[in-house]
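Pasted below: data.txt, compact mmCIF, C-alpha atoms and all ligand atoms.
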# COMPACT_ATOMS: atom_id res chain seq x y z
CA MET A 1 -45.82 16.29 -18.42
CA GLU A 2 -42.06 16.59 -18.75
CA THR A 3 -40.09 13.48 -17.64
CA LEU A 4 -36.60 13.79 -16.22
CA GLU A 5 -34.39 11.13 -17.77
CA LEU A 6 -31.02 10.63 -16.13
CA THR A 7 -28.08 9.81 -18.38
CA GLN A 8 -26.13 6.62 -17.67
CA GLU A 9 -23.39 8.71 -16.09
CA GLU A 10 -25.87 10.55 -13.84
CA GLN A 11 -27.41 7.25 -12.73
CA PHE A 12 -23.93 5.95 -11.94
CA GLN A 13 -23.09 9.03 -9.85
CA ALA A 14 -26.45 8.77 -8.06
CA ARG A 15 -25.59 5.19 -7.04
CA ILE A 16 -22.20 6.33 -5.77
CA ASP A 17 -23.80 9.20 -3.84
CA ALA A 18 -26.24 6.73 -2.25
CA ASP A 19 -23.27 4.54 -1.22
CA VAL A 20 -24.35 1.63 -3.43
CA ARG A 21 -21.33 -0.52 -4.32
CA ILE A 22 -20.33 -0.78 -7.96
CA GLU A 23 -19.79 -4.40 -9.08
CA PRO A 24 -17.78 -5.74 -12.06
CA LYS A 25 -20.75 -6.23 -14.42
CA ASP A 26 -22.30 -2.80 -13.68
CA TRP A 27 -21.98 0.01 -16.19
CA MET A 28 -19.20 2.46 -15.23
CA PRO A 29 -17.54 5.41 -16.96
CA ASP A 30 -14.27 4.53 -18.72
CA ALA A 31 -12.40 7.04 -16.57
CA TYR A 32 -13.66 5.37 -13.35
CA ARG A 33 -12.48 1.97 -14.62
CA LYS A 34 -9.12 3.45 -15.66
CA THR A 35 -8.57 5.18 -12.32
CA LEU A 36 -9.33 2.00 -10.42
CA ILE A 37 -7.03 -0.14 -12.57
CA ARG A 38 -4.29 2.46 -12.03
CA GLN A 39 -4.71 2.64 -8.28
CA ILE A 40 -5.35 -1.06 -7.60
CA SER A 41 -2.46 -2.24 -9.81
CA GLN A 42 -0.06 0.30 -8.22
CA HIS A 43 -1.24 -0.92 -4.84
CA ALA A 44 -0.64 -4.56 -5.86
CA HIS A 45 2.85 -3.71 -7.16
CA SER A 46 3.60 -1.96 -3.85
CA GLU A 47 2.74 -5.12 -1.93
CA LEU A 48 5.07 -7.20 -4.11
CA VAL A 49 7.99 -4.77 -4.09
CA GLY A 50 7.25 -4.17 -0.39
CA MET A 51 8.37 -7.75 0.32
CA LEU A 52 11.96 -6.88 -0.61
CA PRO A 53 13.11 -4.46 2.16
CA GLU A 54 11.94 -6.86 4.88
CA GLY A 55 12.92 -10.01 2.95
CA ASN A 56 16.44 -8.62 3.25
CA TRP A 57 16.39 -9.35 7.02
CA ILE A 58 14.87 -12.85 7.14
CA THR A 59 18.26 -14.56 7.25
CA ARG A 60 19.55 -12.10 9.89
CA ALA A 61 16.59 -11.95 12.29
CA PRO A 62 17.90 -12.02 15.88
CA SER A 63 15.95 -15.13 17.00
CA LEU A 64 13.95 -18.04 15.61
CA LYS A 65 10.73 -16.40 16.85
CA ARG A 66 11.53 -13.10 15.09
CA LYS A 67 12.51 -14.99 11.93
CA SER A 68 9.22 -16.91 11.76
CA ILE A 69 7.16 -13.75 12.39
CA LEU A 70 9.04 -11.87 9.66
CA LEU A 71 8.66 -14.77 7.22
CA SER A 72 4.88 -14.81 7.79
CA LYS A 73 4.66 -11.05 7.38
CA VAL A 74 6.50 -11.09 4.07
CA GLN A 75 4.29 -13.96 2.85
CA ASP A 76 1.20 -11.95 3.87
CA GLU A 77 2.37 -9.09 1.62
CA ALA A 78 2.55 -11.52 -1.33
CA GLY A 79 -1.01 -12.59 -0.54
CA HIS A 80 -2.17 -8.95 -0.49
CA GLY A 81 -0.62 -8.48 -3.92
CA LEU A 82 -2.57 -11.48 -5.22
CA TYR A 83 -5.95 -10.29 -3.88
CA LEU A 84 -5.31 -6.91 -5.46
CA TYR A 85 -4.26 -8.26 -8.88
CA SER A 86 -7.45 -10.34 -8.83
CA ALA A 87 -9.52 -7.23 -8.00
CA ALA A 88 -7.90 -5.37 -10.93
CA GLU A 89 -8.63 -8.33 -13.23
CA THR A 90 -12.37 -7.95 -12.52
CA LEU A 91 -12.09 -4.58 -14.32
CA GLY A 92 -10.63 -6.22 -17.44
CA ALA A 93 -6.93 -5.65 -16.73
CA SER A 94 -4.62 -8.51 -17.67
CA ARG A 95 -2.24 -9.74 -14.98
CA ASP A 96 0.53 -10.35 -17.52
CA GLN A 97 0.21 -6.76 -18.75
CA MET A 98 0.20 -5.32 -15.21
CA LEU A 99 3.36 -7.27 -14.37
CA ALA A 100 4.99 -6.29 -17.67
CA ASP A 101 4.29 -2.62 -16.83
CA LEU A 102 5.88 -3.04 -13.40
CA HIS A 103 8.95 -4.77 -14.82
CA SER A 104 9.48 -2.20 -17.57
CA GLY A 105 9.34 0.65 -15.05
CA LYS A 106 6.15 2.08 -16.62
CA ALA A 107 3.93 1.39 -13.60
CA LYS A 108 4.40 3.10 -10.27
CA TYR A 109 4.65 1.51 -6.84
CA SER A 110 4.95 3.14 -3.42
CA SER A 111 7.98 5.41 -3.04
CA ILE A 112 8.64 4.05 0.47
CA PHE A 113 10.04 0.76 -0.78
CA ASN A 114 12.94 2.47 -2.50
CA TYR A 115 14.69 3.16 0.81
CA PRO A 116 17.22 0.67 2.24
CA THR A 117 16.72 -1.36 5.44
CA LEU A 118 20.07 -0.93 7.17
CA SER A 119 19.56 -2.31 10.68
CA TRP A 120 17.26 -4.65 12.60
CA ALA A 121 15.52 -1.56 14.01
CA ASP A 122 14.30 -0.91 10.45
CA MET A 123 12.12 -4.04 10.77
CA GLY A 124 10.47 -2.40 13.79
CA THR A 125 10.16 0.95 12.05
CA VAL A 126 8.75 -0.49 8.82
CA GLY A 127 6.10 -2.41 10.81
CA TRP A 128 5.29 0.46 13.15
CA LEU A 129 5.42 3.44 10.76
CA VAL A 130 5.01 2.04 7.22
CA ASP A 131 2.29 -0.45 8.12
CA GLY A 132 0.77 2.25 10.36
CA ALA A 133 0.55 4.58 7.35
CA ALA A 134 -0.71 1.74 5.14
CA ILE A 135 -3.54 0.96 7.60
CA LEU A 136 -4.62 4.60 7.91
CA ASN A 137 -4.83 4.77 4.13
CA GLN A 138 -6.44 1.35 3.71
CA VAL A 139 -9.14 1.25 6.41
CA PRO A 140 -11.16 3.88 4.50
CA LEU A 141 -10.60 1.78 1.34
CA CYS A 142 -12.74 -0.96 2.96
CA ARG A 143 -15.59 1.49 2.13
CA THR A 144 -14.37 2.36 -1.35
CA SER A 145 -17.08 2.40 -4.01
CA TYR A 146 -15.84 -0.58 -6.06
CA GLY A 147 -16.98 -3.85 -4.45
CA PRO A 148 -14.08 -6.24 -5.21
CA TYR A 149 -11.48 -3.66 -4.06
CA ALA A 150 -13.39 -2.91 -0.85
CA ARG A 151 -13.77 -6.62 0.00
CA ALA A 152 -10.07 -7.32 -0.65
CA MET A 153 -9.15 -4.48 1.69
CA VAL A 154 -11.12 -5.93 4.62
CA ARG A 155 -8.84 -8.96 4.78
CA VAL A 156 -5.70 -6.93 4.02
CA CYS A 157 -6.44 -4.55 6.90
CA LYS A 158 -6.87 -7.38 9.41
CA GLU A 159 -3.41 -8.67 8.52
CA GLU A 160 -1.87 -5.18 8.41
CA SER A 161 -3.02 -4.45 11.98
CA PHE A 162 -1.09 -7.49 13.16
CA HIS A 163 1.94 -6.30 11.17
CA GLN A 164 1.78 -2.92 12.82
CA ARG A 165 1.57 -4.42 16.32
CA GLN A 166 4.62 -6.61 15.70
CA GLY A 167 6.57 -3.56 14.46
CA PHE A 168 5.62 -1.56 17.55
CA GLU A 169 6.62 -4.50 19.75
CA ILE A 170 10.07 -4.65 18.13
CA MET A 171 10.47 -0.90 18.76
CA GLN A 172 9.32 -1.25 22.37
CA THR A 173 11.80 -4.09 22.99
CA LEU A 174 14.64 -2.01 21.54
CA CYS A 175 13.63 1.12 23.46
CA GLU A 176 13.48 -0.78 26.75
CA GLY A 177 16.83 -2.49 26.04
CA ALA A 178 20.45 -1.32 26.16
CA PRO A 179 21.31 2.33 25.26
CA GLU A 180 22.78 1.02 21.98
CA GLN A 181 19.46 -0.62 21.10
CA LYS A 182 17.52 2.55 21.87
CA ALA A 183 19.98 4.56 19.74
CA MET A 184 19.39 2.10 16.89
CA ALA A 185 15.61 2.64 17.17
CA GLN A 186 16.05 6.44 17.15
CA GLU A 187 18.39 6.29 14.15
CA ALA A 188 15.84 4.19 12.22
CA LEU A 189 13.02 6.63 13.08
CA ASN A 190 15.20 9.51 11.87
CA ARG A 191 15.60 7.87 8.45
CA TRP A 192 11.99 6.62 7.98
CA TRP A 193 9.86 9.48 9.34
CA TRP A 194 9.89 11.78 6.30
CA PRO A 195 9.68 9.05 3.62
CA THR A 196 6.65 7.65 5.50
CA LEU A 197 4.90 11.04 5.35
CA MET A 198 5.49 10.93 1.57
CA MET A 199 3.55 7.64 1.27
CA PHE A 200 0.25 9.58 1.42
CA GLY A 201 1.05 11.22 -1.92
CA PRO A 202 1.52 14.85 -2.97
CA LYS A 203 -0.20 17.76 -1.22
CA ASP A 204 -3.89 18.03 -2.14
CA ALA A 205 -3.15 21.17 -4.14
CA ASP A 206 -0.66 19.20 -6.29
CA SER A 207 -2.64 15.96 -6.52
CA PRO A 208 -4.24 15.60 -9.97
CA ASN A 209 -6.42 12.60 -9.02
CA THR A 210 -7.80 13.38 -5.56
CA ALA A 211 -10.80 15.57 -6.40
CA GLN A 212 -12.31 13.13 -8.91
CA SER A 213 -11.48 10.08 -6.77
CA MET A 214 -13.23 11.71 -3.79
CA ASN A 215 -16.25 12.44 -5.98
CA TRP A 216 -16.39 8.80 -7.04
CA ARG A 217 -15.84 7.74 -3.40
CA ILE A 218 -12.81 5.69 -4.42
CA LYS A 219 -10.91 7.79 -1.87
CA ARG A 220 -12.73 8.73 1.34
CA PHE A 221 -10.08 11.13 2.64
CA THR A 222 -7.60 13.36 0.84
CA ASN A 223 -3.83 12.85 0.97
CA ASP A 224 -3.36 15.79 3.38
CA GLU A 225 -6.19 14.67 5.66
CA LEU A 226 -4.62 11.22 6.04
CA ARG A 227 -1.11 12.66 6.54
CA GLN A 228 -2.45 14.84 9.38
CA LYS A 229 -4.22 11.86 11.01
CA PHE A 230 -0.97 9.90 10.78
CA VAL A 231 1.10 12.58 12.52
CA ASP A 232 -1.55 12.98 15.23
CA MET A 233 -1.61 9.22 15.81
CA MET A 234 2.16 8.61 15.73
CA VAL A 235 3.59 11.46 17.80
CA PRO A 236 2.08 10.18 21.10
CA GLN A 237 3.31 6.66 20.25
CA ALA A 238 6.86 7.98 19.67
CA GLU A 239 6.63 9.83 23.01
CA PHE A 240 5.51 6.63 24.73
CA LEU A 241 8.57 4.86 23.31
CA GLY A 242 10.81 7.73 24.46
CA LEU A 243 11.80 8.57 20.87
CA THR A 244 12.06 12.00 19.24
CA VAL A 245 10.27 12.68 15.95
CA PRO A 246 12.90 14.33 13.70
CA ASP A 247 10.91 17.48 12.95
CA PRO A 248 11.87 20.78 14.69
CA ASN A 249 8.58 22.34 13.54
CA LEU A 250 6.38 19.76 15.22
CA LYS A 251 4.06 21.55 17.63
CA TRP A 252 0.62 20.88 19.11
CA ASN A 253 -1.99 23.30 17.78
CA ASP A 254 -5.01 23.70 20.09
CA THR A 255 -7.07 25.52 17.47
CA LYS A 256 -6.99 22.67 14.98
CA ASN A 257 -6.75 19.99 17.68
CA GLY A 258 -3.78 18.44 15.88
CA TYR A 259 -0.07 18.88 15.30
CA ASP A 260 1.56 21.45 13.05
CA PHE A 261 4.49 19.87 11.28
CA GLY A 262 7.29 20.78 8.87
CA ASP A 263 7.27 20.61 5.07
CA VAL A 264 7.96 17.34 3.31
CA ASP A 265 10.85 17.49 0.81
CA TRP A 266 8.72 17.14 -2.33
CA GLU A 267 11.75 17.28 -4.59
CA GLU A 268 13.03 14.08 -2.95
CA PHE A 269 9.57 12.50 -3.31
CA TRP A 270 9.31 13.16 -7.05
CA ASN A 271 12.90 12.06 -7.58
CA VAL A 272 12.09 8.69 -6.00
CA VAL A 273 8.79 8.36 -7.90
CA LYS A 274 10.65 9.02 -11.17
CA GLY A 275 12.95 6.06 -10.49
CA ASN A 276 15.99 7.83 -9.06
CA GLY A 277 15.74 6.87 -5.40
CA MET A 278 18.41 4.96 -3.49
CA CYS A 279 17.06 1.47 -4.25
CA ASN A 280 14.77 1.82 -7.31
CA LYS A 281 17.12 -0.05 -9.65
CA ASP A 282 17.83 -2.83 -7.13
CA ARG A 283 14.15 -3.30 -6.33
CA LEU A 284 13.05 -3.58 -9.96
CA GLY A 285 16.06 -5.74 -10.80
CA ALA A 286 15.12 -8.16 -8.00
CA ARG A 287 11.49 -8.34 -9.19
CA VAL A 288 12.47 -9.00 -12.82
CA LYS A 289 14.97 -11.69 -11.74
CA ALA A 290 12.36 -13.43 -9.54
CA HIS A 291 9.83 -13.34 -12.40
CA GLU A 292 12.30 -14.79 -14.91
CA GLU A 293 13.55 -17.46 -12.53
CA GLY A 294 9.95 -18.43 -11.71
CA ALA A 295 9.02 -19.01 -15.39
CA TRP A 296 9.46 -22.80 -15.06
CA VAL A 297 7.06 -22.87 -12.08
CA ARG A 298 4.35 -21.09 -14.07
CA GLU A 299 4.93 -23.43 -17.06
CA ALA A 300 4.83 -26.52 -14.83
CA ALA A 301 1.60 -25.33 -13.12
CA LEU A 302 -0.06 -24.74 -16.51
CA ALA A 303 1.09 -28.14 -17.83
CA HIS A 304 -0.22 -29.82 -14.67
CA ALA A 305 -3.59 -28.05 -14.98
CA ALA A 306 -3.86 -29.04 -18.68
CA LYS A 307 -3.09 -32.68 -17.85
CA ARG A 308 -5.73 -32.77 -15.09
CA LYS A 309 -8.29 -31.26 -17.44
CA GLN A 310 -7.45 -33.83 -20.13
CA ARG A 311 -7.79 -36.71 -17.62
CA ALA A 312 -11.13 -35.39 -16.39
CA GLU A 313 -12.41 -35.15 -20.00
CA GLN A 314 -11.22 -38.68 -20.78
CA ALA A 315 -12.92 -40.02 -17.63
CA GLU A 316 -16.15 -38.27 -18.57
CA ALA A 317 -16.02 -39.63 -22.15
CA ALA A 318 -15.48 -43.17 -20.85
CA GLN A 319 -18.67 -43.06 -18.73
N1 LIG B 1 4.67 6.58 -4.30
O1 LIG B 1 -3.01 12.39 -7.59
P1 LIG B 1 -2.30 11.57 -6.60
C1 LIG B 1 1.85 -0.93 1.86
C2 LIG B 1 1.66 9.07 -7.60
S1 LIG B 1 1.02 -0.63 0.43
C3 LIG B 1 4.68 6.53 -5.65
O2 LIG B 1 -2.44 11.96 -5.18
P2 LIG B 1 -3.82 9.13 -6.11
C4 LIG B 1 1.75 -2.30 2.46
C5 LIG B 1 0.25 8.66 -7.99
O3 LIG B 1 0.20 7.29 -8.30
C6 LIG B 1 1.46 1.06 0.02
N2 LIG B 1 3.80 7.24 -6.40
O4 LIG B 1 -2.69 10.01 -6.82
C7 LIG B 1 3.06 -2.74 2.97
C8 LIG B 1 -0.02 9.58 -9.15
O5 LIG B 1 0.61 9.08 -10.32
P3 LIG B 1 -0.23 8.58 -11.64
C9 LIG B 1 0.75 1.45 -1.18
C10 LIG B 1 2.89 7.99 -5.74
O6 LIG B 1 -3.80 7.79 -6.74
C11 LIG B 1 3.56 -2.26 4.16
C12 LIG B 1 0.74 10.84 -8.78
O7 LIG B 1 1.71 10.47 -7.81
N3 LIG B 1 -0.62 1.83 -0.85
O8 LIG B 1 2.47 -0.04 2.30
C13 LIG B 1 2.83 8.07 -4.34
O9 LIG B 1 -5.12 9.84 -6.05
C14 LIG B 1 4.80 -2.71 4.62
C15 LIG B 1 -0.16 11.92 -8.23
O10 LIG B 1 -0.74 11.50 -6.95
C16 LIG B 1 -1.51 2.09 -1.80
O11 LIG B 1 -1.22 1.99 -2.96
C17 LIG B 1 3.77 7.32 -3.61
N4 LIG B 1 3.81 7.35 -2.28
O12 LIG B 1 -3.31 9.01 -4.59
C18 LIG B 1 3.78 -3.67 2.23
C19 LIG B 1 -2.88 2.46 -1.31
N5 LIG B 1 1.83 8.92 -4.00
O13 LIG B 1 -0.82 7.24 -11.24
C20 LIG B 1 5.03 -4.11 2.69
C21 LIG B 1 -3.86 2.75 -2.41
C22 LIG B 1 1.29 9.35 -5.15
O14 LIG B 1 -1.31 9.59 -11.87
C23 LIG B 1 5.52 -3.63 3.91
N6 LIG B 1 -3.52 3.96 -3.14
N7 LIG B 1 1.92 8.81 -6.19
O15 LIG B 1 0.78 8.45 -12.70
C24 LIG B 1 -3.91 5.20 -2.77
O16 LIG B 1 -4.56 5.40 -1.76
C25 LIG B 1 -3.57 6.34 -3.70
O17 LIG B 1 -3.24 5.79 -4.96
C26 LIG B 1 -2.40 7.25 -3.19
C27 LIG B 1 -2.12 8.31 -4.27
C28 LIG B 1 -2.82 7.94 -1.92
C29 LIG B 1 -1.13 6.43 -2.95
Kindly return the structure encoded in the file as structure tokens.
Amino acid sequence: METLELTQEEQFQARIDADVRIEPKDWMPDAYRKTLIRQISQHAHSELVGMLPEGNWITRAPSLKRKSILLSKVQDEAGHGLYLYSAAETLGASRDQMLADLHSGKAKYSSIFNYPTLSWADMGTVGWLVDGAAILNQVPLCRTSYGPYARAMVRVCKEESFHQRQGFEIMQTLCEGAPEQKAMAQEALNRWWWPTLMMFGPKDADSPNTAQSMNWRIKRFTNDELRQKFVDMMVPQAEFLGLTVPDPNLKWNDTKNGYDFGDVDWEEFWNVVKGNGMCNKDRLGARVKAHEEGAWVREAALAHAAKRKQRAEQAEAAQ
């Protein structure tokens, strides 16, 4: 009788298809490992660089309450970066190498963080729109096929939902305030709407990684599917706030039960991804400076750990 032997790769795909999580010690194709390291490290870098646009407003927050909320939010983003670097390390990536790639400009991070935060309304818009987009993208990642990434995302998403609520609340306060405050909120929406749509990545037809990542269930939705969900979710929220989405082609489409919307400026997107956006140089410069100025902290922490280990060994030897 003929026996059907599955190759290692076929067994792997069968586990994925059955929704069995892949764990660090399981066999996996090199390309799966490489794709995950790429995506998780880019995601981690985005969280770290993502601290900068909002960090810019901590000293200028309009009240003590707003300042403490913003401080916590920015600290949460640092924490998200750390969970994600740890998840990438379980795949064999070295943290020093990942950071070196960010600092040299070799590694990518989300295009959205290369836009400036010019007014307090930008803190509302970043929370409402940017965290809103991040959540839409990240909730499906709680079901991604690689265990450590999926588990990290569960905690990240809980915190991101709070971030989004605080952003919406800032927008609502501005929109219910003086005409100047409402105008500030509208102006911020005008600048952030299109860059936020770019966060979901290139159109499916121009996305080299989507098909394989969907097959491996790393991604659960395509870039275009998530962009559509985002528009459908945000337009009613903008209407509730009394704001106008800056897209003349935005129109409800009964047939698809969603909005039709205008074309993203993909030339601008690729320009930013290639390092030529408004703030790319500032953002990387700030990260490199923080890393260099923090060298003594890392050295002190290592020296402290070595001393503790030595004391513990001496105490054990003396027993
Ligand atoms: N910016 O083939 P695809 C946050 C690159 S966290 C820059 O479609 P893929 C929290 C892409 O890497 C935001 N580059 O790629 C927060 C690829 O280049 P490569 C970050 C982009 O991976 C909120 C090439 O284009 N979230 O916001 C972008 O299948 C507020 C072709 O693209 C994540 O990272 C972009 N927008 O899909 C923090 C979520 N889009 O690597 C502070 C996890 C694409 O081949 C304040 N990542 N590229 O050289 C993902 O879901 C996916 O990686 C996508 C891209 C959807 C981002």
I need the residue nearest ligand LIG 1 (chain B) from this list: A:Val273, A:Val156, A:Ala301, A:Ala31. Use all atoms listed in the file for the distance.
A:Val273
Determine, counting only C-alpha atoms, which protein, DNA and RNA residues have an atom within 8 Å of an atom of A:Trp192; residues of the same chain fewer than 6 positions away are not included. Present the result as a ChimeraX atom specification.
/A:125-126,129
How would you report the residues lying within 6 Å of ligand LIG 1 (chain B), as an NGL selection string, if you count all atoms listed in the file?
:A and (38-39 or 42-43 or 46-47 or 50-51 or 77 or 108-111 or 130-131 or 134 or 137 or 198-202 or 207-210 or 223 or 273)
Written selection (C-alpha atoms) as a PDB file, in the coordinates of the input:
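Saved result, out09.pdb, follows:
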ATOM      1  CA  ARG A  38      -4.290   2.460 -12.030  1.00  0.00           C
ATOM      2  CA  GLN A  39      -4.710   2.640  -8.280  1.00  0.00           C
ATOM      3  CA  GLN A  42      -0.060   0.300  -8.220  1.00  0.00           C
ATOM      4  CA  HIS A  43      -1.240  -0.920  -4.840  1.00  0.00           C
ATOM      5  CA  SER A  46       3.600  -1.960  -3.850  1.00  0.00           C
ATOM      6  CA  GLU A  47       2.740  -5.120  -1.930  1.00  0.00           C
ATOM      7  CA  GLY A  50       7.250  -4.170  -0.390  1.00  0.00           C
ATOM      8  CA  MET A  51       8.370  -7.750   0.320  1.00  0.00           C
ATOM      9  CA  GLU A  77       2.370  -9.090   1.620  1.00  0.00           C
ATOM     10  CA  LYS A 108       4.400   3.100 -10.270  1.00  0.00           C
ATOM     11  CA  TYR A 109       4.650   1.510  -6.840  1.00  0.00           C
ATOM     12  CA  SER A 110       4.950   3.140  -3.420  1.00  0.00           C
ATOM     13  CA  SER A 111       7.980   5.410  -3.040  1.00  0.00           C
ATOM     14  CA  VAL A 130       5.010   2.040   7.220  1.00  0.00           C
ATOM     15  CA  ASP A 131       2.290  -0.450   8.120  1.00  0.00           C
ATOM     16  CA  ALA A 134      -0.710   1.740   5.140  1.00  0.00           C
ATOM     17  CA  ASN A 137      -4.830   4.770   4.130  1.00  0.00           C
ATOM     18  CA  MET A 198       5.490  10.930   1.570  1.00  0.00           C
ATOM     19  CA  MET A 199       3.550   7.640   1.270  1.00  0.00           C
ATOM     20  CA  PHE A 200       0.250   9.580   1.420  1.00  0.00           C
ATOM     21  CA  GLY A 201       1.050  11.220  -1.920  1.00  0.00           C
ATOM     22  CA  PRO A 202       1.520  14.850  -2.970  1.00  0.00           C
ATOM     23  CA  SER A 207      -2.640  15.960  -6.520  1.00  0.00           C
ATOM     24  CA  PRO A 208      -4.240  15.600  -9.970  1.00  0.00           C
ATOM     25  CA  ASN A 209      -6.420  12.600  -9.020  1.00  0.00           C
ATOM     26  CA  THR A 210      -7.800  13.380  -5.560  1.00  0.00           C
ATOM     27  CA  ASN A 223      -3.830  12.850   0.970  1.00  0.00           C
ATOM     28  CA  VAL A 273       8.790   8.360  -7.900  1.00  0.00           C
TER      29      VAL A 273
END
Expressed in Å, the length from atom CA of A:Asn190 to atom CA of A:Thr117 is 12.7 Å
Exercise: A:Asn249 partners within 10 Å, all atoms listed in the file, chain neighbours under 3 positions left out, as a PDB file with C-alpha atoms, in the frame of the given file:
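Generated output (out01.pdb):
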ATOM      1  CA  PRO A 246      12.900  14.330  13.700  1.00  0.00           C
ATOM      2  CA  TRP A 252       0.620  20.880  19.110  1.00  0.00           C
ATOM      3  CA  TYR A 259      -0.070  18.880  15.300  1.00  0.00           C
ATOM      4  CA  ASP A 260       1.560  21.450  13.050  1.00  0.00           C
ATOM      5  CA  PHE A 261       4.490  19.870  11.280  1.00  0.00           C
ATOM      6  CA  GLY A 262       7.290  20.780   8.870  1.00  0.00           C
ATOM      7  CA  ASP A 263       7.270  20.610   5.070  1.00  0.00           C
TER       8      ASP A 263
END
Quick one: everything within 10 Å of A:Gly132, counting all atoms listed in the file, minus sequence neighbours fewer than 4 positions away in the same chain. Send it as a PyMOL selection string.
chain A and resi 125-128+136-138+160-161+163-165+167-168+196+230+233-234
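Computed from the coordinates, the atom CA of A:Ala87 to atom CA of A:Val74 distance equals 20.4 Å.
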To one decimal place in Å, what is the distance between atom CA of A:Cys175 and atom CA of A:Leu241?
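Value for the atom CA of A:Cys175-atom CA of A:Leu241 distance: 6.3 Å.
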Counting all atoms listed in the file, which residues come within 12 Å of (17.2, -4.5, -7.3), with the point read in the file's coordinates, and could you list them as a PyMOL selection string?
chain A and resi 49+52-53+56+103+113-116+275+277-290
Restricting the calculation to all atoms listed in the file: of A:Val235, A:Met123, A:Ala312, A:Ala178, which residue gets closest to A:Gly258?
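Selected residue with least distance to A:Gly258: A:Val235.
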With distances taken over only C-alpha atoms, which of A:Ser86, A:Gln97, A:Gln212, A:Gln186 is nearest to A:Ile40?
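Ranked by minimum distance to A:Ile40, first place goes to A:Ser86.
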